[in-house]
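Q: Next comes final.pdb, PDB, C-alpha atoms:
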MODEL        1
ATOM      1  CA  MET B   9      -0.194   8.726 -11.191  1.00  0.00           C
ATOM      2  CA  GLU B  10       2.114  11.443 -12.325  1.00  0.00           C
ATOM      3  CA  GLY B  11       5.621  10.325 -13.116  1.00  0.00           C
ATOM      4  CA  GLN B  12       4.784   6.645 -13.557  1.00  0.00           C
ATOM      5  CA  PRO B  13       5.397   5.286 -17.031  1.00  0.00           C
ATOM      6  CA  PRO B  14       2.465   3.516 -18.607  1.00  0.00           C
ATOM      7  CA  ILE B  15       2.435  -0.255 -18.553  1.00  0.00           C
ATOM      8  CA  GLN B  16       2.771  -1.305 -22.161  1.00  0.00           C
ATOM      9  CA  GLY B  17       2.988  -4.564 -23.991  1.00  0.00           C
ATOM     10  CA  PRO B  18       2.002  -8.040 -22.887  1.00  0.00           C
ATOM     11  CA  PRO B  19       2.296  -9.076 -19.265  1.00  0.00           C
ATOM     12  CA  PRO B  20       5.660 -10.603 -18.333  1.00  0.00           C
ATOM     13  CA  ALA B  21       6.201 -14.344 -18.580  1.00  0.00           C
ATOM     14  CA  ASP B  22       6.054 -16.161 -15.237  1.00  0.00           C
ATOM     15  CA  GLY B  23       9.845 -16.208 -14.938  1.00  0.00           C
ATOM     16  CA  ASP B  24      10.057 -12.438 -15.454  1.00  0.00           C
ATOM     17  CA  VAL B  25       7.471 -11.382 -12.886  1.00  0.00           C
ATOM     18  CA  ALA B  26       9.934 -10.744 -10.041  1.00  0.00           C
ATOM     19  CA  GLU B  27      12.157  -8.585 -12.214  1.00  0.00           C
ATOM     20  CA  ARG B  28       9.330  -6.470 -13.633  1.00  0.00           C
ATOM     21  CA  ARG B  29       7.020  -6.181 -10.608  1.00  0.00           C
ATOM     22  CA  ASP B  30       6.014  -2.671  -9.577  1.00  0.00           C
ATOM     23  CA  TYR B  31       6.103  -2.266  -5.783  1.00  0.00           C
ATOM     24  CA  ALA B  32       4.692   1.262  -5.721  1.00  0.00           C
ATOM     25  CA  GLY B  33       1.214   0.066  -4.786  1.00  0.00           C
ATOM     26  CA  ALA B  34       2.471  -2.003  -1.856  1.00  0.00           C
ATOM     27  CA  VAL B  35       4.646   0.837  -0.552  1.00  0.00           C
ATOM     28  CA  TYR B  36       1.839   3.345  -0.967  1.00  0.00           C
ATOM     29  CA  GLY B  37      -0.835   0.983   0.355  1.00  0.00           C
ATOM     30  CA  SER B  38       1.075   0.163   3.535  1.00  0.00           C
ATOM     31  CA  LEU B  39       1.533   3.835   4.380  1.00  0.00           C
ATOM     32  CA  LEU B  40      -2.133   4.413   3.548  1.00  0.00           C
ATOM     33  CA  ALA B  41      -3.045   1.642   5.995  1.00  0.00           C
ATOM     34  CA  ALA B  42      -0.909   3.278   8.674  1.00  0.00           C
ATOM     35  CA  SER B  43      -2.714   6.566   8.042  1.00  0.00           C
ATOM     36  CA  VAL B  44      -6.104   4.861   8.329  1.00  0.00           C
ATOM     37  CA  VAL B  45      -5.096   3.319  11.651  1.00  0.00           C
ATOM     38  CA  LEU B  46      -3.942   6.731  12.828  1.00  0.00           C
ATOM     39  CA  GLY B  47      -7.221   8.376  11.857  1.00  0.00           C
ATOM     40  CA  ALA B  48      -9.353   5.589  13.277  1.00  0.00           C
ATOM     41  CA  SER B  49      -7.494   5.462  16.567  1.00  0.00           C
ATOM     42  CA  LEU B  50      -8.406   9.091  17.185  1.00  0.00           C
ATOM     43  CA  GLY B  51     -12.029   8.003  17.508  1.00  0.00           C
ATOM     44  CA  SER B  52     -13.641   5.119  19.318  1.00  0.00           C
ATOM     45  CA  PHE B  53     -13.859   2.520  16.560  1.00  0.00           C
ATOM     46  CA  PRO B  54     -14.526  -1.072  17.578  1.00  0.00           C
ATOM     47  CA  ARG B  55     -12.164  -3.614  16.062  1.00  0.00           C
ATOM     48  CA  LEU B  56     -14.564  -4.731  13.335  1.00  0.00           C
ATOM     49  CA  HIS B  57     -15.001  -1.131  12.232  1.00  0.00           C
ATOM     50  CA  LEU B  58     -11.231  -0.667  12.072  1.00  0.00           C
ATOM     51  CA  VAL B  59     -10.827  -3.842   9.986  1.00  0.00           C
ATOM     52  CA  LEU B  60     -13.587  -2.701   7.616  1.00  0.00           C
ATOM     53  CA  LEU B  61     -12.170   0.818   7.493  1.00  0.00           C
ATOM     54  CA  LEU B  62      -8.708  -0.515   6.572  1.00  0.00           C
ATOM     55  CA  LEU B  63     -10.003  -2.808   3.842  1.00  0.00           C
ATOM     56  CA  GLY B  64     -12.681  -0.426   2.580  1.00  0.00           C
ATOM     57  CA  THR B  65     -10.270   2.500   2.310  1.00  0.00           C
ATOM     58  CA  ALA B  66      -7.802   0.283   0.445  1.00  0.00           C
ATOM     59  CA  VAL B  67     -10.506  -0.740  -2.035  1.00  0.00           C
ATOM     60  CA  VAL B  68     -11.539   2.881  -2.623  1.00  0.00           C
ATOM     61  CA  PHE B  69      -7.929   3.999  -3.173  1.00  0.00           C
ATOM     62  CA  TRP B  70      -7.304   0.970  -5.406  1.00  0.00           C
ATOM     63  CA  ALA B  71     -10.296   1.924  -7.547  1.00  0.00           C
ATOM     64  CA  ALA B  72      -9.130   5.540  -7.676  1.00  0.00           C
ATOM     65  CA  HIS B  73      -5.677   4.425  -8.817  1.00  0.00           C
ATOM     66  CA  VAL B  74      -7.145   2.115 -11.444  1.00  0.00           C
ATOM     67  CA  LEU B  75      -9.327   4.889 -12.832  1.00  0.00           C
ATOM     68  CA  ALA B  76      -6.489   7.402 -12.751  1.00  0.00           C
ATOM     69  CA  ARG B  77      -4.178   5.053 -14.653  1.00  0.00           C
ATOM     70  CA  LEU B  78      -6.827   3.980 -17.152  1.00  0.00           C
ATOM     71  CA  PHE B  79      -8.257   7.375 -17.948  1.00  0.00           C
ATOM     72  CA  GLY B  80      -5.779   9.861 -16.554  1.00  0.00           C
ATOM     73  CA  GLU B  81      -2.443   9.060 -18.117  1.00  0.00           C
ATOM     74  CA  ARG B  82      -2.847   5.778 -19.949  1.00  0.00           C
ATOM     75  CA  ILE B  83      -5.503   6.772 -22.423  1.00  0.00           C
ATOM     76  CA  MET B  84      -2.775   8.568 -24.377  1.00  0.00           C
ATOM     77  CA  TYR B  85      -0.670   5.423 -24.713  1.00  0.00           C
ATOM     78  CA  VAL B  86      -2.817   2.298 -24.611  1.00  0.00           C
ATOM     79  CA  PRO B  87      -6.369   1.674 -25.811  1.00  0.00           C
ATOM     80  CA  VAL B  88      -8.698   0.898 -22.923  1.00  0.00           C
ATOM     81  CA  ASN B  89     -10.294  -2.520 -23.362  1.00  0.00           C
ATOM     82  CA  GLY B  90     -11.147  -5.455 -21.111  1.00  0.00           C
ATOM     83  CA  GLU B  91      -7.624  -6.867 -21.162  1.00  0.00           C
ATOM     84  CA  GLU B  92      -6.095  -3.500 -20.297  1.00  0.00           C
ATOM     85  CA  ILE B  93      -8.606  -2.967 -17.472  1.00  0.00           C
ATOM     86  CA  ARG B  94      -7.696  -6.371 -15.997  1.00  0.00           C
ATOM     87  CA  ARG B  95      -3.973  -5.613 -16.321  1.00  0.00           C
ATOM     88  CA  VAL B  96      -4.285  -2.240 -14.550  1.00  0.00           C
ATOM     89  CA  CYS B  97      -6.514  -3.721 -11.837  1.00  0.00           C
ATOM     90  CA  ALA B  98      -3.863  -6.383 -11.200  1.00  0.00           C
ATOM     91  CA  ALA B  99      -1.043  -3.829 -11.249  1.00  0.00           C
ATOM     92  CA  GLU B 100      -2.775  -1.747  -8.565  1.00  0.00           C
ATOM     93  CA  TRP B 101      -3.870  -4.771  -6.466  1.00  0.00           C
ATOM     94  CA  PRO B 102      -0.930  -4.409  -4.013  1.00  0.00           C
ATOM     95  CA  ILE B 103      -2.696  -1.360  -2.550  1.00  0.00           C
ATOM     96  CA  ILE B 104      -5.398  -3.691  -1.239  1.00  0.00           C
ATOM     97  CA  LYS B 105      -2.948  -6.443  -0.312  1.00  0.00           C
ATOM     98  CA  ALA B 106      -0.979  -3.996   1.846  1.00  0.00           C
ATOM     99  CA  ALA B 107      -4.059  -3.361   4.013  1.00  0.00           C
ATOM    100  CA  VAL B 108      -4.611  -7.053   4.771  1.00  0.00           C
ATOM    101  CA  PRO B 109      -1.795  -7.637   7.317  1.00  0.00           C
ATOM    102  CA  PRO B 110      -2.806  -4.683   9.555  1.00  0.00           C
ATOM    103  CA  ALA B 111      -6.462  -5.734   9.271  1.00  0.00           C
ATOM    104  CA  VAL B 112      -5.564  -9.298  10.263  1.00  0.00           C
ATOM    105  CA  ALA B 113      -3.488  -7.943  13.144  1.00  0.00           C
ATOM    106  CA  VAL B 114      -6.534  -6.067  14.446  1.00  0.00           C
ATOM    107  CA  ALA B 115      -8.789  -9.081  13.927  1.00  0.00           C
ATOM    108  CA  VAL B 116      -6.588 -11.432  15.985  1.00  0.00           C
ATOM    109  CA  THR B 117      -6.021  -9.077  18.930  1.00  0.00           C
ATOM    110  CA  PRO B 118      -8.946 -10.484  20.957  1.00  0.00           C
ATOM    111  CA  LEU B 119      -7.305 -13.916  20.725  1.00  0.00           C
ATOM    112  CA  LEU B 120      -4.085 -12.407  22.058  1.00  0.00           C
ATOM    113  CA  GLY B 121      -5.803 -10.542  24.893  1.00  0.00           C
ATOM    114  CA  ILE B 122      -4.929  -7.155  23.419  1.00  0.00           C
ATOM    115  CA  GLY B 123      -7.374  -4.291  23.957  1.00  0.00           C
ATOM    116  CA  PRO B 124      -8.542  -1.800  21.313  1.00  0.00           C
ATOM    117  CA  ARG B 125      -5.752   0.680  21.996  1.00  0.00           C
ATOM    118  CA  GLY B 126      -3.140  -2.059  21.693  1.00  0.00           C
ATOM    119  CA  ALA B 127      -4.865  -3.302  18.532  1.00  0.00           C
ATOM    120  CA  ALA B 128      -4.413   0.094  16.922  1.00  0.00           C
ATOM    121  CA  TRP B 129      -0.727   0.181  17.873  1.00  0.00           C
ATOM    122  CA  LEU B 130      -0.209  -3.362  16.591  1.00  0.00           C
ATOM    123  CA  ALA B 131      -1.914  -2.543  13.282  1.00  0.00           C
ATOM    124  CA  LEU B 132       0.151   0.619  12.951  1.00  0.00           C
ATOM    125  CA  GLY B 133       3.358  -1.329  13.600  1.00  0.00           C
ATOM    126  CA  VAL B 134       2.415  -3.999  11.059  1.00  0.00           C
ATOM    127  CA  ALA B 135       1.541  -1.365   8.451  1.00  0.00           C
ATOM    128  CA  LEU B 136       4.802   0.485   8.995  1.00  0.00           C
ATOM    129  CA  ALA B 137       6.829  -2.735   8.883  1.00  0.00           C
ATOM    130  CA  GLY B 138       5.148  -3.461   5.551  1.00  0.00           C
ATOM    131  CA  HIS B 139       5.931   0.038   4.341  1.00  0.00           C
ATOM    132  CA  VAL B 140       9.633  -0.211   5.135  1.00  0.00           C
ATOM    133  CA  GLY B 141       9.788  -3.829   3.982  1.00  0.00           C
ATOM    134  CA  TRP B 142       8.177  -3.230   0.579  1.00  0.00           C
ATOM    135  CA  SER B 143      10.257  -0.140  -0.083  1.00  0.00           C
ATOM    136  CA  THR B 144      13.404  -2.086   0.762  1.00  0.00           C
ATOM    137  CA  VAL B 145      12.438  -4.976  -1.511  1.00  0.00           C
ATOM    138  CA  ALA B 146      11.599  -2.549  -4.313  1.00  0.00           C
ATOM    139  CA  THR B 147      14.936  -0.789  -3.968  1.00  0.00           C
ATOM    140  CA  ARG B 148      16.858  -4.078  -3.962  1.00  0.00           C
ATOM    141  CA  ARG B 149      14.930  -5.408  -6.971  1.00  0.00           C
ATOM    142  CA  ALA B 150      15.685  -2.186  -8.826  1.00  0.00           C
ATOM    143  CA  GLY B 151      19.378  -3.057  -8.562  1.00  0.00           C
ATOM    144  CA  ALA B 152      20.301  -0.290  -6.140  1.00  0.00           C
ATOM    145  CA  THR B 153      23.551  -0.340  -4.228  1.00  0.00           C
ATOM    146  CA  GLY B 154      23.583  -1.441  -0.598  1.00  0.00           C
ATOM    147  CA  ARG B 155      23.903   2.178   0.475  1.00  0.00           C
ATOM    148  CA  MET B 156      20.829   3.150  -1.574  1.00  0.00           C
ATOM    149  CA  VAL B 157      18.813   0.261  -0.104  1.00  0.00           C
ATOM    150  CA  VAL B 158      19.688   1.422   3.418  1.00  0.00           C
ATOM    151  CA  THR B 159      18.916   5.042   2.483  1.00  0.00           C
ATOM    152  CA  ALA B 160      15.538   4.101   0.994  1.00  0.00           C
ATOM    153  CA  ALA B 161      14.681   2.035   4.070  1.00  0.00           C
ATOM    154  CA  ALA B 162      15.684   4.923   6.342  1.00  0.00           C
ATOM    155  CA  VAL B 163      13.662   7.487   4.383  1.00  0.00           C
ATOM    156  CA  ASN B 164      10.608   5.235   4.431  1.00  0.00           C
ATOM    157  CA  LEU B 165      11.089   4.556   8.132  1.00  0.00           C
ATOM    158  CA  VAL B 166      11.142   8.320   8.755  1.00  0.00           C
ATOM    159  CA  LEU B 167       7.916   8.714   6.744  1.00  0.00           C
ATOM    160  CA  GLY B 168       6.328   5.968   8.827  1.00  0.00           C
ATOM    161  CA  LEU B 169       7.580   7.452  12.072  1.00  0.00           C
ATOM    162  CA  LEU B 170       5.978  10.761  11.095  1.00  0.00           C
ATOM    163  CA  VAL B 171       2.669   8.899  11.152  1.00  0.00           C
ATOM    164  CA  VAL B 172       3.516   7.612  14.645  1.00  0.00           C
ATOM    165  CA  VAL B 173       4.453  11.137  15.808  1.00  0.00           C
ATOM    166  CA  LEU B 174       1.093  12.380  14.516  1.00  0.00           C
ATOM    167  CA  LYS B 175      -0.718   9.586  16.356  1.00  0.00           C
ATOM    168  CA  VAL B 176       1.066  10.310  19.623  1.00  0.00           C
ATOM    169  CA  ALA B 177       0.661  14.090  19.294  1.00  0.00           C
ATOM    170  CA  LEU B 178      -3.024  13.916  18.430  1.00  0.00           C
ATOM    171  CA  THR B 179      -4.029  11.311  21.004  1.00  0.00           C
ATOM    172  CA  HIS B 180      -2.317  12.919  24.006  1.00  0.00           C
TER
ENDMDL
END
Now, as a test, write the supplied structure out as structure tokens.
A:
Amino acid sequence: MEGQPPIQGPPPADGDVAERRDYAGAVYGSLLAASVVLGASLGSFPRLHLVLLLLGTAVVFWAAHVLARLFGERIMYVPVNGEEIRRVCAAEWPIIKAAVPPAVAVAVTPLLGIGPRGAAWLALGVALAGHVGWSTVATRRAGATGRMVVTAAAVNLVLGLLVVVLKVALTH
């Protein structure tokens, strides 16, 4: 991941986790999930396929990020050993976690009486809410001013809405 500093040193103590957490994976993963929903909704995927596609794509991208951080940029800074592999896997885990809420949204739509088309829209909305939410939390935790938090939320909302525009344009 170009531009990301390597994770060095021991993991933070439990009390320091909130201050040192990296939200990039959650922000990226939620937009990835929205993109998967967009791509899947262009075809005729049953709900189970969409759930598996969301989670499977997240796992593949998580693995790609882990490998990129371990062998792409990190090899210059930190020796790769079992502890480092576990640390990087945990650091990139939010990519997978971000795909879970949209997948759950799709999975529960039959219980709510929502058809496949509505399921895709619901999953897209949940993914985009996660995208804006995680980017807002990350900006706040970074100590940004109120104006910067609002700006970051707006920019991420625009990115998410671009996915919606693509969905609407390509399905009509």
Q: I'd like the interatomic distance between atom CA of B:Ala76 and atom CA of B:Ile93, to a tenth of an Å.
A: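 Between atom CA of B:Ala76 and atom CA of B:Ile93 the gap is 11.6 Å.
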Q: Can you tell me how far atom CA of B:Ala131 sits from atom CA of B:Val96, in Å to one decimal?
A: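 Straight-line distance from atom CA of B:Ala131 to atom CA of B:Val96 works out to 27.9 Å.
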Q: Any chance you could resolve the PyMOL selection byres ((chain B and resi 149-164) around 9) against this file and give the residues as a ChimeraX atom specification?
A: /B:26-29,35,136,139-141,143-148,165-169
Q: Compare B:Gly121, B:Gly133, B:Gly37, B:Pro110 by their minimum atom-to-atom distance to B:Trp70, counting all atoms listed in the file, and give me the closest one.
A: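 The closest residue to B:Trp70 is B:Gly37.
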Q: Give me the residues within 12 Å of stretch 114-119 of chain B as a ChimeraX atom specification, counting only C-alpha atoms and dropping any in the same chain fewer than 4 places off.
A: /B:41,45,49,53-63,107-110,123-135
Q: Since we have the selection now, will you write its residues out, keeping C-alpha atoms, as a CSV table (one decimal), in the coordinates of the input?
A:
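That gives us result.csv:
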chain,number,residue,atom,x,y,z
B,41,ALA,CA,-3.0,1.6,6.0
B,45,VAL,CA,-5.1,3.3,11.7
B,49,SER,CA,-7.5,5.5,16.6
B,53,PHE,CA,-13.9,2.5,16.6
B,54,PRO,CA,-14.5,-1.1,17.6
B,55,ARG,CA,-12.2,-3.6,16.1
B,56,LEU,CA,-14.6,-4.7,13.3
B,57,HIS,CA,-15.0,-1.1,12.2
B,58,LEU,CA,-11.2,-0.7,12.1
B,59,VAL,CA,-10.8,-3.8,10.0
B,60,LEU,CA,-13.6,-2.7,7.6
B,61,LEU,CA,-12.2,0.8,7.5
B,62,LEU,CA,-8.7,-0.5,6.6
B,63,LEU,CA,-10.0,-2.8,3.8
B,107,ALA,CA,-4.1,-3.4,4.0
B,108,VAL,CA,-4.6,-7.1,4.8
B,109,PRO,CA,-1.8,-7.6,7.3
B,110,PRO,CA,-2.8,-4.7,9.6
B,123,GLY,CA,-7.4,-4.3,24.0
B,124,PRO,CA,-8.5,-1.8,21.3
B,125,ARG,CA,-5.8,0.7,22.0
B,126,GLY,CA,-3.1,-2.1,21.7
B,127,ALA,CA,-4.9,-3.3,18.5
B,128,ALA,CA,-4.4,0.1,16.9
B,129,TRP,CA,-0.7,0.2,17.9
B,130,LEU,CA,-0.2,-3.4,16.6
B,131,ALA,CA,-1.9,-2.5,13.3
B,132,LEU,CA,0.2,0.6,13.0
B,133,GLY,CA,3.4,-1.3,13.6
B,134,VAL,CA,2.4,-4.0,11.1
B,135,ALA,CA,1.5,-1.4,8.5
Q: Check the smallest atom-to-atom distance from each of B:Thr65, B:Tyr31, B:Arg77, B:Ala113 to B:Gly47 using all atoms listed in the file, then report the winner.
A: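 That would be B:Thr65, the residue with the smallest distance to B:Gly47.
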Q: Please write out, as lines of an AutoDock Vina configuration file, where the centre of an axis-aligned box around all listed atoms of stretch 98-109 of chain B lies and how long its edges are, in Å to one decimal, after adding 4 Å on each side.
A:
center_x = -3.2
center_y = -4.5
center_z = -2.0
size_x = 12.5
size_y = 14.3
size_z = 26.6
Q: Could you jot down the atom CA of B:Gly33 to atom CA of B:Ile103 separation for me, Å, one decimal place?
A: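 About the pair atom CA of B:Gly33 and atom CA of B:Ile103: they are 4.7 Å apart.
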Q: Just checking: using all atoms listed in the file, which residue out of B:Leu170, B:Val86, B:Ala34, B:Leu39 ends up closest to B:Lys105?
A: B:Ala34
Q: Got a sec: who's within 10 Å of B:Leu46, counting all atoms listed in the file, leaving out chain neighbours fewer than 4 positions off, as a list in words?
A: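 Residues meeting the cut-off are Leu40, Ala41, Ala42, Leu50, Gly51, Ala128, Trp129, Ala131, Leu132, Val171, Val172, Val173, Leu174, Lys175, Val176, Leu178 and Thr179 of chain B.
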Q: Going by the chain IDs and residue numbers used in this file, which residues fall under the PyMOL selection byres ((chain B and resi 97) around 12)? Write them as a ChimeraX atom specification.
A: /B:15,33,67,69-78,90-96,98-104
Q: Looking at B:Val112, B:Gly138, B:Pro87, B:Phe79, which one is nearest to B:Tyr36, with distances taken over only C-alpha atoms?
A: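 Among B:Val112, B:Gly138, B:Pro87, B:Phe79, it is B:Gly138 that comes nearest to B:Tyr36.
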Q: Which one is closest to B:Ala111: B:Gly64, B:Gly80, B:Ala137, B:Val88? Count all atoms listed in the file.
A: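 Answer, going by the shortest atom-to-atom distance: B:Gly64.
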Q: Starting from the sparse input, extend stretch 136-165 of chain B to N, CA and C atoms and give the output as a PDB file, in the frame of the given file.
A:
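Generated output (part_17.pdb):
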ATOM      1  N   LEU B 136       3.512  -0.176   9.195  1.00  0.00           N
ATOM      2  CA  LEU B 136       4.802   0.485   8.995  1.00  0.00           C
ATOM      3  C   LEU B 136       5.907  -0.509   8.660  1.00  0.00           C
ATOM      4  N   ALA B 137       5.858  -1.696   9.246  1.00  0.00           N
ATOM      5  CA  ALA B 137       6.829  -2.735   8.883  1.00  0.00           C
ATOM      6  C   ALA B 137       6.653  -3.108   7.411  1.00  0.00           C
ATOM      7  N   GLY B 138       5.413  -3.194   6.964  1.00  0.00           N
ATOM      8  CA  GLY B 138       5.148  -3.461   5.551  1.00  0.00           C
ATOM      9  C   GLY B 138       5.668  -2.345   4.671  1.00  0.00           C
ATOM     10  N   HIS B 139       5.470  -1.121   5.117  1.00  0.00           N
ATOM     11  CA  HIS B 139       5.931   0.038   4.341  1.00  0.00           C
ATOM     12  C   HIS B 139       7.443   0.004   4.144  1.00  0.00           C
ATOM     13  N   VAL B 140       8.166  -0.169   5.225  1.00  0.00           N
ATOM     14  CA  VAL B 140       9.633  -0.211   5.135  1.00  0.00           C
ATOM     15  C   VAL B 140      10.073  -1.467   4.378  1.00  0.00           C
ATOM     16  N   GLY B 141       9.428  -2.580   4.651  1.00  0.00           N
ATOM     17  CA  GLY B 141       9.788  -3.829   3.982  1.00  0.00           C
ATOM     18  C   GLY B 141       9.601  -3.772   2.473  1.00  0.00           C
ATOM     19  N   TRP B 142       8.436  -3.301   2.025  1.00  0.00           N
ATOM     20  CA  TRP B 142       8.177  -3.230   0.579  1.00  0.00           C
ATOM     21  C   TRP B 142       9.087  -2.227  -0.105  1.00  0.00           C
ATOM     22  N   SER B 143       9.362  -1.116   0.552  1.00  0.00           N
ATOM     23  CA  SER B 143      10.257  -0.140  -0.083  1.00  0.00           C
ATOM     24  C   SER B 143      11.677  -0.690  -0.180  1.00  0.00           C
ATOM     25  N   THR B 144      12.083  -1.469   0.804  1.00  0.00           N
ATOM     26  CA  THR B 144      13.404  -2.086   0.762  1.00  0.00           C
ATOM     27  C   THR B 144      13.485  -3.132  -0.349  1.00  0.00           C
ATOM     28  N   VAL B 145      12.469  -3.969  -0.446  1.00  0.00           N
ATOM     29  CA  VAL B 145      12.438  -4.976  -1.511  1.00  0.00           C
ATOM     30  C   VAL B 145      12.449  -4.297  -2.875  1.00  0.00           C
ATOM     31  N   ALA B 146      11.654  -3.257  -3.029  1.00  0.00           N
ATOM     32  CA  ALA B 146      11.599  -2.549  -4.313  1.00  0.00           C
ATOM     33  C   ALA B 146      12.955  -1.967  -4.683  1.00  0.00           C
ATOM     34  N   THR B 147      13.633  -1.393  -3.709  1.00  0.00           N
ATOM     35  CA  THR B 147      14.936  -0.789  -3.968  1.00  0.00           C
ATOM     36  C   THR B 147      15.962  -1.863  -4.340  1.00  0.00           C
ATOM     37  N   ARG B 148      15.939  -2.976  -3.634  1.00  0.00           N
ATOM     38  CA  ARG B 148      16.858  -4.078  -3.962  1.00  0.00           C
ATOM     39  C   ARG B 148      16.586  -4.628  -5.349  1.00  0.00           C
ATOM     40  N   ARG B 149      15.293  -4.851  -5.663  1.00  0.00           N
ATOM     41  CA  ARG B 149      14.930  -5.408  -6.971  1.00  0.00           C
ATOM     42  C   ARG B 149      15.255  -4.445  -8.108  1.00  0.00           C
ATOM     43  N   ALA B 150      15.343  -3.171  -7.797  1.00  0.00           N
ATOM     44  CA  ALA B 150      15.685  -2.186  -8.826  1.00  0.00           C
ATOM     45  C   ALA B 150      17.187  -2.181  -9.098  1.00  0.00           C
ATOM     46  N   GLY B 151      17.946  -2.971  -8.336  1.00  0.00           N
ATOM     47  CA  GLY B 151      19.378  -3.057  -8.562  1.00  0.00           C
ATOM     48  C   GLY B 151      20.187  -1.975  -7.869  1.00  0.00           C
ATOM     49  N   ALA B 152      19.600  -1.363  -6.852  1.00  0.00           N
ATOM     50  CA  ALA B 152      20.301  -0.290  -6.140  1.00  0.00           C
ATOM     51  C   ALA B 152      21.478  -0.843  -5.335  1.00  0.00           C
ATOM     52  N   THR B 153      22.408   0.034  -5.059  1.00  0.00           N
ATOM     53  CA  THR B 153      23.551  -0.340  -4.228  1.00  0.00           C
ATOM     54  C   THR B 153      23.079  -0.574  -2.796  1.00  0.00           C
ATOM     55  N   GLY B 154      23.915  -1.212  -2.005  1.00  0.00           N
ATOM     56  CA  GLY B 154      23.583  -1.441  -0.598  1.00  0.00           C
ATOM     57  C   GLY B 154      23.305  -0.145   0.137  1.00  0.00           C
ATOM     58  N   ARG B 155      24.089   0.867  -0.166  1.00  0.00           N
ATOM     59  CA  ARG B 155      23.903   2.178   0.475  1.00  0.00           C
ATOM     60  C   ARG B 155      22.534   2.769   0.111  1.00  0.00           C
ATOM     61  N   MET B 156      22.142   2.627  -1.150  1.00  0.00           N
ATOM     62  CA  MET B 156      20.829   3.150  -1.574  1.00  0.00           C
ATOM     63  C   MET B 156      19.690   2.376  -0.924  1.00  0.00           C
ATOM     64  N   VAL B 157      19.847   1.073  -0.768  1.00  0.00           N
ATOM     65  CA  VAL B 157      18.813   0.261  -0.104  1.00  0.00           C
ATOM     66  C   VAL B 157      18.640   0.738   1.331  1.00  0.00           C
ATOM     67  N   VAL B 158      19.746   0.941   2.027  1.00  0.00           N
ATOM     68  CA  VAL B 158      19.688   1.422   3.418  1.00  0.00           C
ATOM     69  C   VAL B 158      19.075   2.823   3.462  1.00  0.00           C
ATOM     70  N   THR B 159      19.470   3.678   2.523  1.00  0.00           N
ATOM     71  CA  THR B 159      18.916   5.042   2.483  1.00  0.00           C
ATOM     72  C   THR B 159      17.411   5.011   2.238  1.00  0.00           C
ATOM     73  N   ALA B 160      16.976   4.201   1.283  1.00  0.00           N
ATOM     74  CA  ALA B 160      15.538   4.101   0.994  1.00  0.00           C
ATOM     75  C   ALA B 160      14.784   3.580   2.210  1.00  0.00           C
ATOM     76  N   ALA B 161      15.328   2.566   2.870  1.00  0.00           N
ATOM     77  CA  ALA B 161      14.681   2.035   4.070  1.00  0.00           C
ATOM     78  C   ALA B 161      14.593   3.108   5.147  1.00  0.00           C
ATOM     79  N   ALA B 162      15.676   3.871   5.323  1.00  0.00           N
ATOM     80  CA  ALA B 162      15.684   4.923   6.342  1.00  0.00           C
ATOM     81  C   ALA B 162      14.668   6.022   6.023  1.00  0.00           C
ATOM     82  N   VAL B 163      14.619   6.448   4.783  1.00  0.00           N
ATOM     83  CA  VAL B 163      13.662   7.487   4.383  1.00  0.00           C
ATOM     84  C   VAL B 163      12.237   7.001   4.612  1.00  0.00           C
ATOM     85  N   ASN B 164      11.953   5.760   4.233  1.00  0.00           N
ATOM     86  CA  ASN B 164      10.608   5.235   4.431  1.00  0.00           C
ATOM     87  C   ASN B 164      10.291   5.017   5.898  1.00  0.00           C
ATOM     88  N   LEU B 165      11.296   4.669   6.688  1.00  0.00           N
ATOM     89  CA  LEU B 165      11.089   4.556   8.132  1.00  0.00           C
ATOM     90  C   LEU B 165      10.746   5.922   8.720  1.00  0.00           C
TER      91      LEU B 165
END
